$ cat start01.txt   # compact mmCIF, C-alpha atoms
# COMPACT_ATOMS: atom_id res chain seq x y z
CA MET A 1 142.19 50.67 95.21
CA ASP A 2 145.45 52.64 95.52
CA LYS A 3 145.24 56.31 94.83
CA THR A 4 147.79 58.79 93.55
CA ILE A 5 148.55 61.96 95.47
CA ASP A 6 150.99 64.81 94.99
CA LEU A 7 153.97 64.74 97.33
CA ASN A 8 155.29 68.13 98.32
CA LEU A 9 158.96 67.57 99.06
CA THR A 10 159.36 71.02 100.58
CA PHE A 11 157.68 69.59 103.68
CA PRO A 12 160.43 67.90 105.70
CA ASP A 13 158.10 65.12 106.94
CA THR A 14 156.96 64.28 103.43
CA LYS A 15 160.50 64.36 102.12
CA ALA A 16 161.75 62.08 104.90
CA ARG A 17 158.97 59.61 104.21
CA TRP A 18 159.69 59.70 100.48
CA GLU A 19 163.44 59.22 100.99
CA ASN A 20 162.84 56.36 103.38
CA PHE A 21 160.61 54.60 100.91
CA LEU A 22 163.17 54.99 98.11
CA ILE A 23 166.06 53.85 100.32
CA ASN A 24 164.08 50.68 101.08
CA HIS A 25 163.81 50.15 97.34
CA GLY A 26 167.50 50.59 96.63
CA ILE A 27 167.60 54.24 95.53
CA LYS A 28 170.12 56.12 97.61
CA ASP A 29 171.30 59.23 95.76
CA PHE A 30 169.56 62.28 97.21
CA SER A 31 172.23 64.85 96.32
CA SER A 32 170.88 68.29 95.53
CA ARG A 33 172.09 67.84 91.94
CA GLU A 34 169.41 65.15 91.55
CA VAL A 35 166.67 66.34 93.90
CA ASP A 36 166.69 70.10 93.25
CA VAL A 37 165.77 69.62 89.60
CA LEU A 38 162.55 67.72 90.37
CA ASP A 39 159.48 69.62 89.19
CA HIS A 40 156.83 67.30 90.55
CA THR A 41 156.57 64.18 92.68
CA ILE A 42 153.65 61.86 93.15
CA GLY A 43 152.95 59.09 95.61
CA LEU A 44 150.73 56.05 95.52
CA ILE A 45 148.80 55.37 98.73
CA ASP A 46 147.08 52.08 99.53
CA GLU A 47 143.79 51.72 101.39
CA ASP A 48 145.56 51.79 104.75
CA GLY A 49 147.31 55.04 103.92
CA HIS A 50 150.75 53.50 103.36
CA LEU A 51 153.04 54.87 100.69
CA VAL A 52 153.35 52.01 98.16
CA GLY A 53 154.83 53.81 95.18
CA THR A 54 156.36 57.05 93.96
CA GLY A 55 157.71 58.77 90.87
CA SER A 56 159.03 62.21 89.91
CA ILE A 57 159.45 64.46 86.91
CA ALA A 58 162.45 66.66 86.10
CA GLY A 59 161.84 68.56 82.87
CA LYS A 60 160.80 65.75 80.56
CA VAL A 61 162.65 63.01 82.42
CA LEU A 62 160.98 60.47 84.72
CA LYS A 63 162.99 59.89 87.89
CA TYR A 64 162.91 58.25 91.29
CA ILE A 65 160.36 55.63 90.36
CA ALA A 66 159.80 52.85 92.91
CA VAL A 67 156.84 50.68 93.88
CA SER A 68 156.16 48.04 96.51
CA ASN A 69 154.97 45.00 94.66
CA ASP A 70 151.38 44.12 95.16
CA ASP A 71 151.12 40.35 94.85
CA SER A 72 147.57 40.39 93.50
CA VAL A 73 148.12 42.40 90.32
CA HIS A 74 151.59 42.19 88.87
CA GLY A 75 152.91 45.54 87.68
CA ALA A 76 149.67 47.42 88.33
CA ARG A 77 151.24 49.94 90.68
CA PHE A 78 154.16 50.58 88.39
CA ASN A 79 151.79 51.23 85.48
CA GLN A 80 149.68 53.52 87.64
CA ILE A 81 152.72 55.61 88.62
CA VAL A 82 154.03 55.94 85.07
CA SER A 83 150.53 56.82 83.83
CA ALA A 84 150.15 59.50 86.48
CA LEU A 85 153.57 60.98 85.68
CA GLN A 86 152.77 61.09 81.96
CA GLU A 87 149.41 62.66 82.69
CA TYR A 88 151.22 65.41 84.59
CA LEU A 89 153.53 65.95 81.60
CA PHE A 90 150.61 66.01 79.15
CA GLY A 91 149.05 68.71 81.33
CA GLN A 92 152.23 70.76 80.71
CA LYS A 93 151.90 70.02 76.98
CA ILE A 94 154.99 67.81 77.12
CA TYR A 95 154.32 64.74 75.00
CA HIS A 96 157.85 63.41 74.78
CA SER A 97 159.50 61.88 77.82
CA PHE A 98 162.64 60.00 78.80
CA VAL A 99 163.73 57.67 81.52
CA PHE A 100 167.16 56.58 82.72
CA THR A 101 166.89 53.31 84.58
CA LYS A 102 168.80 50.23 85.66
CA ALA A 103 169.21 47.91 82.68
CA LYS A 104 167.09 45.22 84.36
CA TYR A 105 164.04 47.51 84.50
CA SER A 106 164.18 48.46 80.83
CA SER A 107 161.56 45.88 79.86
CA SER A 108 159.10 47.22 82.44
CA PHE A 109 159.14 50.48 80.51
CA THR A 110 159.04 48.93 77.05
CA HIS A 111 155.80 47.22 78.15
CA LEU A 112 154.38 50.73 78.58
CA GLY A 113 155.22 51.84 75.07
CA PHE A 114 158.71 53.19 75.80
CA ASN A 115 161.36 52.63 73.19
CA GLU A 116 164.87 51.76 74.35
CA LEU A 117 167.44 54.05 72.73
CA ALA A 118 170.56 52.66 74.38
CA HIS A 119 171.76 50.47 77.17
CA THR A 120 175.06 49.73 78.87
CA ASP A 121 175.75 46.85 81.27
CA THR A 122 174.14 48.77 84.09
CA ALA A 123 171.89 51.48 82.69
CA ALA A 124 169.23 51.90 80.03
CA PHE A 125 167.79 55.01 78.41
CA LEU A 126 164.32 55.04 76.90
CA GLU A 127 161.95 57.51 75.28
CA SER A 128 158.21 57.67 74.88
CA GLY A 129 155.80 59.78 72.88
CA THR A 130 156.22 62.34 70.15
CA PRO A 131 158.34 63.80 68.54
CA SER A 132 160.57 60.70 68.69
CA THR A 133 164.12 60.06 67.43
CA GLN A 134 162.64 59.13 64.07
CA ASP A 135 160.82 62.48 63.82
CA PHE A 136 164.03 64.26 64.83
CA LEU A 137 166.03 62.47 62.14
CA ALA A 138 163.39 62.99 59.47
CA LYS A 139 163.80 66.77 59.80
CA ILE A 140 167.57 66.80 59.26
CA PRO A 141 168.53 67.91 55.74
CA ARG A 142 170.03 65.27 53.42
CA ILE A 143 171.97 65.44 50.17
CA LYS A 144 171.60 63.30 47.08
CA ASN A 145 173.13 59.83 47.26
CA LEU A 146 173.94 60.45 50.89
CA ASN A 147 174.90 56.84 51.46
CA GLN A 148 177.68 56.99 48.85
CA LYS A 149 179.21 60.14 50.30
CA LYS A 150 181.80 60.69 52.97
CA VAL A 151 179.75 62.10 55.83
CA ALA A 152 181.17 63.33 59.13
CA ALA A 153 179.78 64.91 62.28
CA ILE A 154 180.90 67.33 64.95
CA VAL A 155 178.95 68.08 68.12
CA MET A 156 179.63 71.40 69.81
CA ASN A 157 178.16 73.66 72.44
CA ALA A 158 180.06 76.59 70.91
CA ASN A 159 179.68 78.86 73.92
CA PRO A 160 180.67 80.89 71.91
CA PHE A 161 181.94 79.79 68.47
CA THR A 162 185.73 80.33 68.40
CA LEU A 163 188.51 80.17 65.80
CA GLY A 164 189.21 76.71 67.24
CA HIS A 165 185.71 75.54 66.34
CA GLN A 166 186.05 77.14 62.93
CA LYS A 167 189.34 75.38 62.19
CA LEU A 168 187.91 72.05 63.29
CA VAL A 169 184.92 72.51 60.96
CA LYS A 170 187.23 73.62 58.14
CA LEU A 171 189.36 70.51 58.54
CA ALA A 172 186.31 68.23 58.53
CA SER A 173 184.83 70.12 55.59
CA SER A 174 188.02 69.62 53.54
CA GLU A 175 188.17 65.90 54.30
CA ASN A 176 184.50 64.98 53.68
CA ASP A 177 181.62 65.44 51.25
CA LEU A 178 179.24 66.58 53.98
CA VAL A 179 179.70 67.64 57.59
CA TYR A 180 176.87 67.82 60.07
CA VAL A 181 177.57 70.25 62.88
CA PHE A 182 175.21 69.48 65.76
CA VAL A 183 174.81 72.36 68.17
CA VAL A 184 173.86 71.49 71.75
CA ALA A 185 170.21 72.45 72.19
CA THR A 186 170.01 72.73 75.97
CA ASP A 187 169.81 76.34 77.06
CA ALA A 188 172.14 76.37 80.05
CA SER A 189 175.12 78.37 78.84
CA LEU A 190 176.23 82.00 78.84
CA PHE A 191 175.34 82.28 75.16
CA LYS A 192 171.73 81.28 74.58
CA THR A 193 170.94 78.40 72.25
CA SER A 194 169.60 80.67 69.50
CA GLU A 195 172.75 82.82 69.74
CA ARG A 196 175.12 79.85 69.67
CA MET A 197 173.25 78.35 66.73
CA ASP A 198 173.35 81.65 64.86
CA LEU A 199 177.08 82.18 65.48
CA VAL A 200 177.91 78.66 64.33
CA LYS A 201 175.89 79.23 61.15
CA LYS A 202 177.58 82.56 60.46
CA GLY A 203 181.03 81.23 61.32
CA THR A 204 180.68 78.27 58.94
CA ALA A 205 178.80 80.04 56.14
CA ASN A 206 181.86 79.85 53.87
CA PHE A 207 181.95 76.07 53.97
CA LYS A 208 179.40 74.91 51.43
CA ASN A 209 179.30 71.29 52.53
CA VAL A 210 178.44 72.01 56.17
CA GLU A 211 174.94 71.61 57.61
CA VAL A 212 174.38 73.21 61.01
CA VAL A 213 171.57 71.46 62.90
CA SER A 214 170.27 71.35 66.44
CA GLY A 215 171.40 68.44 68.59
CA GLY A 216 167.83 68.24 69.88
CA ASP A 217 167.23 66.00 72.86
CA TYR A 218 169.79 63.47 71.73
CA LEU A 219 173.27 64.93 71.44
CA VAL A 220 174.60 66.24 74.74
CA SER A 221 171.22 67.38 76.00
CA ARG A 222 170.06 67.94 79.53
CA SER A 223 167.98 64.77 79.16
CA THR A 224 170.66 62.39 77.92
CA PHE A 225 173.72 63.89 79.51
CA PRO A 226 172.83 66.09 82.52
CA ALA A 227 176.37 65.74 83.91
CA TYR A 228 177.59 67.98 81.08
CA PHE A 229 175.74 70.85 82.71
CA LEU A 230 176.18 69.99 86.42
CA LYS A 231 179.23 68.85 88.35
CA SER A 232 178.83 65.11 88.79
CA PRO A 233 180.73 62.07 90.09
CA ASP A 234 182.89 60.08 87.64
CA GLU A 235 180.69 57.02 87.57
CA LEU A 236 177.65 59.03 86.53
CA ILE A 237 179.58 60.86 83.82
CA THR A 238 180.85 57.57 82.42
CA THR A 239 177.35 56.08 82.22
CA GLN A 240 175.85 59.17 80.64
CA THR A 241 178.63 59.67 78.12
CA GLU A 242 178.36 56.02 77.11
CA ILE A 243 174.61 56.34 76.62
CA ASP A 244 175.12 59.51 74.57
CA ALA A 245 177.76 57.75 72.44
CA LEU A 246 175.52 54.71 71.93
CA ILE A 247 172.58 56.85 70.79
CA PHE A 248 174.86 58.52 68.27
CA LYS A 249 176.28 55.20 67.09
CA ASN A 250 173.06 53.18 66.90
CA ILE A 251 170.42 55.74 65.99
CA ILE A 252 171.78 59.02 64.65
CA ALA A 253 174.82 57.96 62.60
CA PRO A 254 173.26 55.07 60.63
CA LYS A 255 170.31 57.15 59.37
CA LEU A 256 172.59 59.96 58.18
CA THR A 257 175.35 57.55 57.09
CA ILE A 258 177.87 59.34 59.30
CA LYS A 259 181.20 57.50 59.14
CA LYS A 260 183.43 59.82 61.09
CA ARG A 261 183.22 61.99 64.17
CA TYR A 262 185.63 64.85 64.84
CA LEU A 263 186.59 65.83 68.38
CA GLY A 264 188.89 68.41 69.87
CA THR A 265 191.33 67.36 72.58
CA GLU A 266 190.20 68.56 75.95
CA PRO A 267 192.90 69.97 78.17
CA PHE A 268 190.61 71.64 80.70
CA SER A 269 187.17 70.12 81.06
CA ARG A 270 187.11 66.88 83.02
CA THR A 271 183.61 66.05 81.77
CA THR A 272 184.48 66.58 78.11
CA ASN A 273 187.59 64.48 78.62
CA PHE A 274 185.45 61.58 79.85
CA TYR A 275 183.12 62.16 76.94
CA ASN A 276 185.96 61.90 74.43
CA GLN A 277 187.11 58.65 76.03
CA SER A 278 183.62 57.14 75.88
CA LEU A 279 183.20 58.19 72.26
CA GLU A 280 186.48 56.56 71.27
CA LYS A 281 185.64 53.39 73.16
CA ILE A 282 182.11 53.02 71.80
CA LEU A 283 182.16 54.50 68.28
CA SER A 284 185.24 52.86 66.84
CA PRO A 285 185.65 50.86 64.74
CA SER A 286 182.22 51.30 63.07
CA ILE A 287 182.56 55.09 63.17
CA ALA A 288 186.05 56.56 62.90
CA VAL A 289 186.93 58.99 65.67
CA LYS A 290 189.39 61.72 64.78
CA ILE A 291 190.75 63.62 67.73
CA VAL A 292 192.28 66.90 66.66
CA GLN A 293 194.74 68.81 68.82
CA ARG A 294 193.38 72.10 70.10
CA PHE A 295 194.35 74.97 67.86
CA ARG A 296 196.59 77.65 69.30
CA ASP A 297 196.88 81.37 69.01
CA ASN A 298 200.67 81.70 69.33
CA GLU A 299 201.22 79.63 72.45
CA LYS A 300 197.73 80.05 73.90
CA ILE A 301 195.21 77.26 73.43
CA ILE A 302 191.95 78.59 72.01
CA THR A 303 188.98 77.67 74.16
CA ALA A 304 185.52 79.10 74.61
CA THR A 305 186.19 79.01 78.35
CA SER A 306 188.94 81.61 78.01
CA VAL A 307 186.68 83.77 75.82
CA ARG A 308 184.03 83.76 78.55
CA GLN A 309 186.67 84.63 81.13
CA LEU A 310 187.80 87.58 79.03
CA ILE A 311 184.21 88.80 78.72
CA LYS A 312 183.90 88.66 82.48
CA ASN A 313 187.15 90.61 82.90
CA SER A 314 186.12 93.15 80.23
CA ASP A 315 189.16 92.22 78.13
CA LEU A 316 187.48 92.68 74.78
CA LYS A 317 190.71 93.42 72.92
CA ASP A 318 192.18 89.98 73.60
CA ILE A 319 189.03 88.18 72.48
CA SER A 320 189.49 89.20 68.84
CA THR A 321 192.47 86.84 68.48
CA LEU A 322 190.33 83.89 69.65
CA VAL A 323 187.08 84.24 67.72
CA PRO A 324 186.06 84.88 64.09
CA PRO A 325 184.74 88.38 63.21
CA THR A 326 181.13 87.14 63.25
CA THR A 327 181.41 86.11 66.90
CA MET A 328 183.40 89.25 67.74
CA ASN A 329 180.66 91.47 66.31
CA PHE A 330 178.08 89.73 68.41
CA ILE A 331 180.16 90.11 71.56
CA ASN A 332 180.76 93.80 70.85
CA GLU A 333 177.07 94.43 70.31
CA ASN A 334 175.88 92.37 73.28
CA TYR A 335 178.72 92.89 75.67
CA GLN A 336 176.58 94.47 78.38
CA ILE A 337 173.89 91.81 78.17
CA LEU A 338 176.54 89.09 78.49
CA GLN A 339 178.13 90.75 81.51
CA GLU A 340 174.70 91.15 83.03
CA ARG A 341 174.11 87.41 82.66
CA ILE A 342 177.43 86.65 84.36
CA LYS A 343 176.56 89.02 87.20
CA LYS A 344 173.22 87.30 87.63
CA GLY A 345 175.08 84.09 88.39
CA MET A 346 175.51 82.35 85.03
CA ASN A 347 178.35 79.89 85.56
CA ILE A 348 181.13 80.46 83.01
CA ASP A 349 183.66 77.90 84.22
CA GLY A 350 181.65 74.84 83.20
CA ASN A 351 180.84 74.03 79.62
CA MET B 1 139.56 68.05 60.70
CA GLU B 2 142.87 69.78 61.30
CA ILE B 3 145.17 68.45 64.00
CA LYS B 4 146.39 71.46 65.93
CA THR B 5 148.34 69.91 68.75
CA VAL B 6 149.19 66.55 70.27
CA GLY B 7 146.16 64.89 71.83
CA VAL B 8 146.38 62.17 74.44
CA ALA B 9 143.75 60.14 76.26
CA GLY B 10 143.76 57.01 78.36
CA THR B 11 146.17 55.47 80.84
CA LEU B 12 148.64 52.60 80.94
CA GLU B 13 146.59 50.70 83.48
CA SER B 14 145.02 47.30 82.99
CA SER B 15 141.98 47.17 80.63
CA ASP B 16 142.78 50.64 79.30
CA ILE B 17 144.60 52.00 76.25
CA GLN B 18 146.64 55.18 75.89
CA ILE B 19 146.15 56.95 72.57
CA MET B 20 148.45 59.75 71.43
CA ILE B 21 147.52 61.54 68.20
CA SER B 22 149.76 63.96 66.30
CA ALA B 23 149.75 65.43 62.81
CA GLY B 24 150.65 63.12 59.91
CA GLN B 25 150.66 63.08 56.12
CA ASN B 26 150.28 59.46 55.12
CA GLY B 27 146.78 58.45 56.15
CA ILE B 28 146.17 57.03 59.61
CA GLU B 29 149.46 55.49 60.78
CA VAL B 30 149.00 53.45 63.94
CA ASP B 31 152.03 52.42 65.96
CA LEU B 32 150.58 49.82 68.32
CA ASP B 33 152.10 48.35 71.45
CA SER B 34 150.07 45.50 72.88
CA GLU B 35 150.63 42.15 74.56
CA VAL B 36 147.79 40.81 72.46
CA ALA B 37 148.90 42.43 69.19
CA LYS B 38 149.25 39.02 67.56
CA SER B 39 145.61 38.10 68.08
CA TYR B 40 143.90 41.47 68.24
CA GLY B 41 146.32 43.97 66.68
CA ASP B 42 144.39 44.28 63.42
CA GLN B 43 141.09 44.69 65.25
CA ILE B 44 142.52 47.41 67.56
CA LYS B 45 143.96 49.32 64.60
CA LYS B 46 140.65 48.98 62.76
CA VAL B 47 138.69 50.48 65.68
CA ILE B 48 141.13 53.39 65.96
CA THR B 49 141.14 54.10 62.22
CA GLU B 50 137.36 53.86 61.88
CA THR B 51 136.77 56.11 64.87
CA LEU B 52 139.14 58.75 63.47
CA ASN B 53 137.60 58.55 60.01
CA LYS B 54 134.11 58.94 61.43
CA PHE B 55 135.33 61.94 63.40
CA GLY B 56 136.75 63.43 60.19
CA ILE B 57 140.48 62.80 60.57
CA THR B 58 142.13 61.08 57.62
CA ASN B 59 145.81 61.88 58.27
CA ALA B 60 147.39 61.32 61.67
CA LYS B 61 150.15 59.58 63.53
CA VAL B 62 148.73 57.47 66.32
CA LYS B 63 150.76 55.93 69.10
CA ALA B 64 148.65 53.36 70.95
CA THR B 65 149.78 51.54 74.09
CA ASP B 66 147.19 48.88 74.83
CA LYS B 67 146.70 47.16 78.16
CA GLY B 68 143.85 44.87 77.12
CA ALA B 69 141.16 47.45 76.36
CA LEU B 70 137.77 46.42 74.96
CA ASP B 71 136.65 47.92 71.63
CA CYS B 72 134.28 50.40 73.28
CA VAL B 73 137.15 51.69 75.44
CA ILE B 74 139.47 51.95 72.41
CA ALA B 75 136.88 53.98 70.50
CA ALA B 76 136.16 56.26 73.47
CA ARG B 77 139.84 56.94 74.16
CA THR B 78 140.49 57.55 70.44
CA LEU B 79 137.63 60.06 70.27
CA ALA B 80 138.83 61.88 73.39
CA ALA B 81 142.40 62.08 72.03
CA ALA B 82 141.10 63.26 68.63
CA GLN B 83 138.99 66.01 70.21
CA ARG B 84 142.01 67.18 72.22
CA ALA B 85 144.28 67.08 69.15
CA THR B 86 141.81 69.18 67.16
CA GLU B 87 141.07 71.43 70.16
CA THR B 88 137.36 70.70 69.94
CA ASN B 89 136.89 69.22 73.43
CA ASP B 90 134.23 71.79 74.23
CA GLU B 91 131.93 70.23 71.62
CA PRO B 92 131.79 66.51 72.45
CA ARG B 93 131.02 64.44 69.35
CA LEU B 94 129.62 61.40 71.13
CA GLU B 95 127.69 60.32 68.03
CA VAL B 96 130.99 59.11 66.61
CA LEU B 97 130.89 56.27 69.12
CA GLN B 98 127.54 54.93 67.88
$ encode --input "start01.txt" --output "structure tokens"
Amino acid sequence: MDKTIDLNLTFPDTKARWENFLINHGIKDFSSREVDVLDHTIGLIDEDGHLVGTGSIAGKVLKYIAVSNDDSVHGARFNQIVSALQEYLFGQKIYHSFVFTKAKYSSSFTHLGFNELAHTDTAAFLESGTPSTQDFLAKIPRIKNLNQKKVAAIVMNANPFTLGHQKLVKLASSENDLVYVFVVATDASLFKTSERMDLVKKGTANFKNVEVVSGGDYLVSRSTFPAYFLKSPDELITTQTEIDALIFKNIIAPKLTIKKRYLGTEPFSRTTNFYNQSLEKILSPSIAVKIVQRFRDNEKIITATSVRQLIKNSDLKDISTLVPPTTMNFINENYQILQERIKKGMNIDGN
Amino acid sequence: MEIKTVGVAGTLESSDIQIMISAGQNGIEVDLDSEVAKSYGDQIKKVITETLNKFGITNAKVKATDKGALDCVIAARTLAAAQRATETNDEPRLEVLQ
């Protein structure tokens, strides 16, 4: 009988053995972007002490899963690895997990109770456990006769909420019966998730037909779209943005009868630029994509990136022309805390 | 019995079943994944529902991933998951399995 053991990748010998095994099974990306985020790695050892399987956990995402096939019991080792990984997650009170995998392995996971959320030609994305997409959607507020209304959506990180964001919401609000503003839930930005959420709510309070909701695990989250938060190669960004767009198109939009998605043009962020391209390619024609030119303050394009830069440079005066009063108040009150976060190494040039 | 958290028991290995129980409002809702669902799906759901009712749970969402478990295994895994979900694992209610 094979047995599962913990693999401690901080030991160079163990790590080399693990990498070797994965390389032999076609997994070759060991960049620190991928490996440093692993919380836990397990191995499967046969009776002769050979490594015959492995799998890892990063947050709530299963990664680096590979097994040597045992001819006697088809799939047994794979099931044992996935079980052991889930057991580890359950021990951390995480009952909801995801996996990104090659499209051809999707069915191996669906046999274990995973539900495929999206797939491209090469990759598939699946979830397991609770709360699921359906639970997430059930909690989003609806209005009467939703399916007869013009419903639109905007997804934003709002780090922080600027006059540009506000104008985009205002435009969508004037052109639709209801606008869902999904705020990125992953806490990896200068402004914490609760702060971003709060500033979006305050900055859109005047628009009565706007619902501000969390993007949860599904809209630009660390699980579905890690490249948004970490510098990544083009190919990876394309796959992840396509998966994110497909989840929105196939799962989120139909339930909320969203017919239109608003985007801002992206002059600076390479990742967001890719994202906009994927959204256009995948959402239209079933969901209209409206790309709105970035709003300007005189000649200057308004971006949250420049606001963060000004905070870093202690240029508070110039910020007030870029953000609504609600955001400005918050920055004034929390200026030292924000600077402290930047000093501690919070990256402000990303998203 | 009140469900206080998510409770899980069982594995995805052959002859086992993984049961995940969370709070629900509409009776016992079983979402079953099984290769033998066509032949035994009703029976598996019946064992899960009866075990939960005997334990004192009448509303719950149950996600069951079956790998060919026998009834006694299904009942045992359901009880273990239920005790974890209600945070009563320190008082095993083995009589439910009789």
$ closest_atom_pairs --input "start01.txt" --of "chain A" --to "chain B" --cutoff "9 Å" --atoms "all atoms listed in the file" --output "JSON lines"
{"residue": "A:Ala76", "atom": "CA", "partner": "B:Glu13", "partner_atom": "CA", "distance": 6.6}
{"residue": "A:Arg77", "atom": "CA", "partner": "B:Glu13", "partner_atom": "CA", "distance": 8.6}
{"residue": "A:Asn79", "atom": "CA", "partner": "B:Glu13", "partner_atom": "CA", "distance": 5.6}
{"residue": "A:Gln80", "atom": "CA", "partner": "B:Glu13", "partner_atom": "CA", "distance": 5.9}
{"residue": "A:Val82", "atom": "CA", "partner": "B:Leu12", "partner_atom": "CA", "distance": 7.6}
{"residue": "A:Ser83", "atom": "CA", "partner": "B:Leu12", "partner_atom": "CA", "distance": 5.5}
{"residue": "A:Ala84", "atom": "CA", "partner": "B:Thr11", "partner_atom": "CA", "distance": 8.0}
{"residue": "A:Gln86", "atom": "CA", "partner": "B:Thr11", "partner_atom": "CA", "distance": 8.7}
{"residue": "A:Glu87", "atom": "CA", "partner": "B:Thr11", "partner_atom": "CA", "distance": 8.1}
{"residue": "A:Phe90", "atom": "CA", "partner": "B:Val8", "partner_atom": "CA", "distance": 7.4}
{"residue": "A:Lys93", "atom": "CA", "partner": "B:Val6", "partner_atom": "CA", "distance": 8.0}
{"residue": "A:Tyr95", "atom": "CA", "partner": "B:Val6", "partner_atom": "CA", "distance": 7.2}
{"residue": "A:Thr110", "atom": "CA", "partner": "B:Asp33", "partner_atom": "CA", "distance": 8.9}
{"residue": "A:His111", "atom": "CA", "partner": "B:Asp33", "partner_atom": "CA", "distance": 7.7}
{"residue": "A:Leu112", "atom": "CA", "partner": "B:Thr65", "partner_atom": "CA", "distance": 6.5}
{"residue": "A:Gly113", "atom": "CA", "partner": "B:Thr65", "partner_atom": "CA", "distance": 5.5}
{"residue": "A:Gly129", "atom": "CA", "partner": "B:Lys63", "partner_atom": "CA", "distance": 7.4}
{"residue": "A:Thr130", "atom": "CA", "partner": "B:Ser22", "partner_atom": "CA", "distance": 7.7}
{"residue": "A:Pro131", "atom": "CA", "partner": "B:Ser22", "partner_atom": "CA", "distance": 8.9}
$ residues_around --input "start01.txt" --residues "Leu168 in chain A" --least-positions-apart "2" --cutoff "8 Å" --atoms "all atoms listed in the file" --output "list in words"
Gly164, His165, Gln166, Lys170, Leu171, Ala172, Tyr262, Gly264 and Val292 of chain A
$ write_last_selection --input "start01.txt" --atoms "C-alpha atoms" --output "PDB file, in the frame of the given file"
ATOM      1  CA  GLY A 164     189.210  76.710  67.240  1.00  0.00           C
ATOM      2  CA  HIS A 165     185.710  75.540  66.340  1.00  0.00           C
ATOM      3  CA  GLN A 166     186.050  77.140  62.930  1.00  0.00           C
ATOM      4  CA  LYS A 170     187.230  73.620  58.140  1.00  0.00           C
ATOM      5  CA  LEU A 171     189.360  70.510  58.540  1.00  0.00           C
ATOM      6  CA  ALA A 172     186.310  68.230  58.530  1.00  0.00           C
ATOM      7  CA  TYR A 262     185.630  64.850  64.840  1.00  0.00           C
ATOM      8  CA  GLY A 264     188.890  68.410  69.870  1.00  0.00           C
ATOM      9  CA  VAL A 292     192.280  66.900  66.660  1.00  0.00           C
TER      10      VAL A 292
END
$ atom_distance --input "start01.txt" --atom1 "CA of Asn176 in chain A" --atom2 "CA of Thr193 in chain A"
26.6 Å
$ residues_around --input "start01.txt" --residues "Ser106 in chain A" --least-positions-apart "5" --cutoff "12 Å" --atoms "all atoms listed in the file" --output "PyMOL selection string"
chain A and resi 98-101+111-127
$ atom_distance --input "start01.txt" --atom1 "CA of Ile237 in chain A" --atom2 "CA of Gln293 in chain A"
22.8 Å
$ residues_around --input "start01.txt" --residues "Ala158 in chain A" --least-positions-apart "3" --cutoff "8 Å" --atoms "only C-alpha atoms" --output "MDAnalysis selection string"
chainID A and resid 161:162 165 183 196 200 304
$ residues_around --input "start01.txt" --residues "Leu97 in chain B" --least-positions-apart "6" --cutoff "9 Å" --atoms "all atoms listed in the file" --output "PyMOL selection string"
chain B and resi 51+54+72+75-76+79
$ residues_around --input "start01.txt" --residues "range 38-51 of chain A" --least-positions-apart "2" --cutoff "6 Å" --atoms "only C-alpha atoms" --output "ChimeraX atom specification"
/A:2-7,35-36,53-58
$ closest_residue --input "start01.txt" --among "B:Ala69, B:Ala23, B:Ala60, B:Val96" --to "Val36 in chain B" --atoms "only C-alpha atoms"
B:Ala69
$ atom_distance --input "start01.txt" --atom1 "CA of Gly203 in chain A" --atom2 "CA of Pro325 in chain A"
8.3 Å
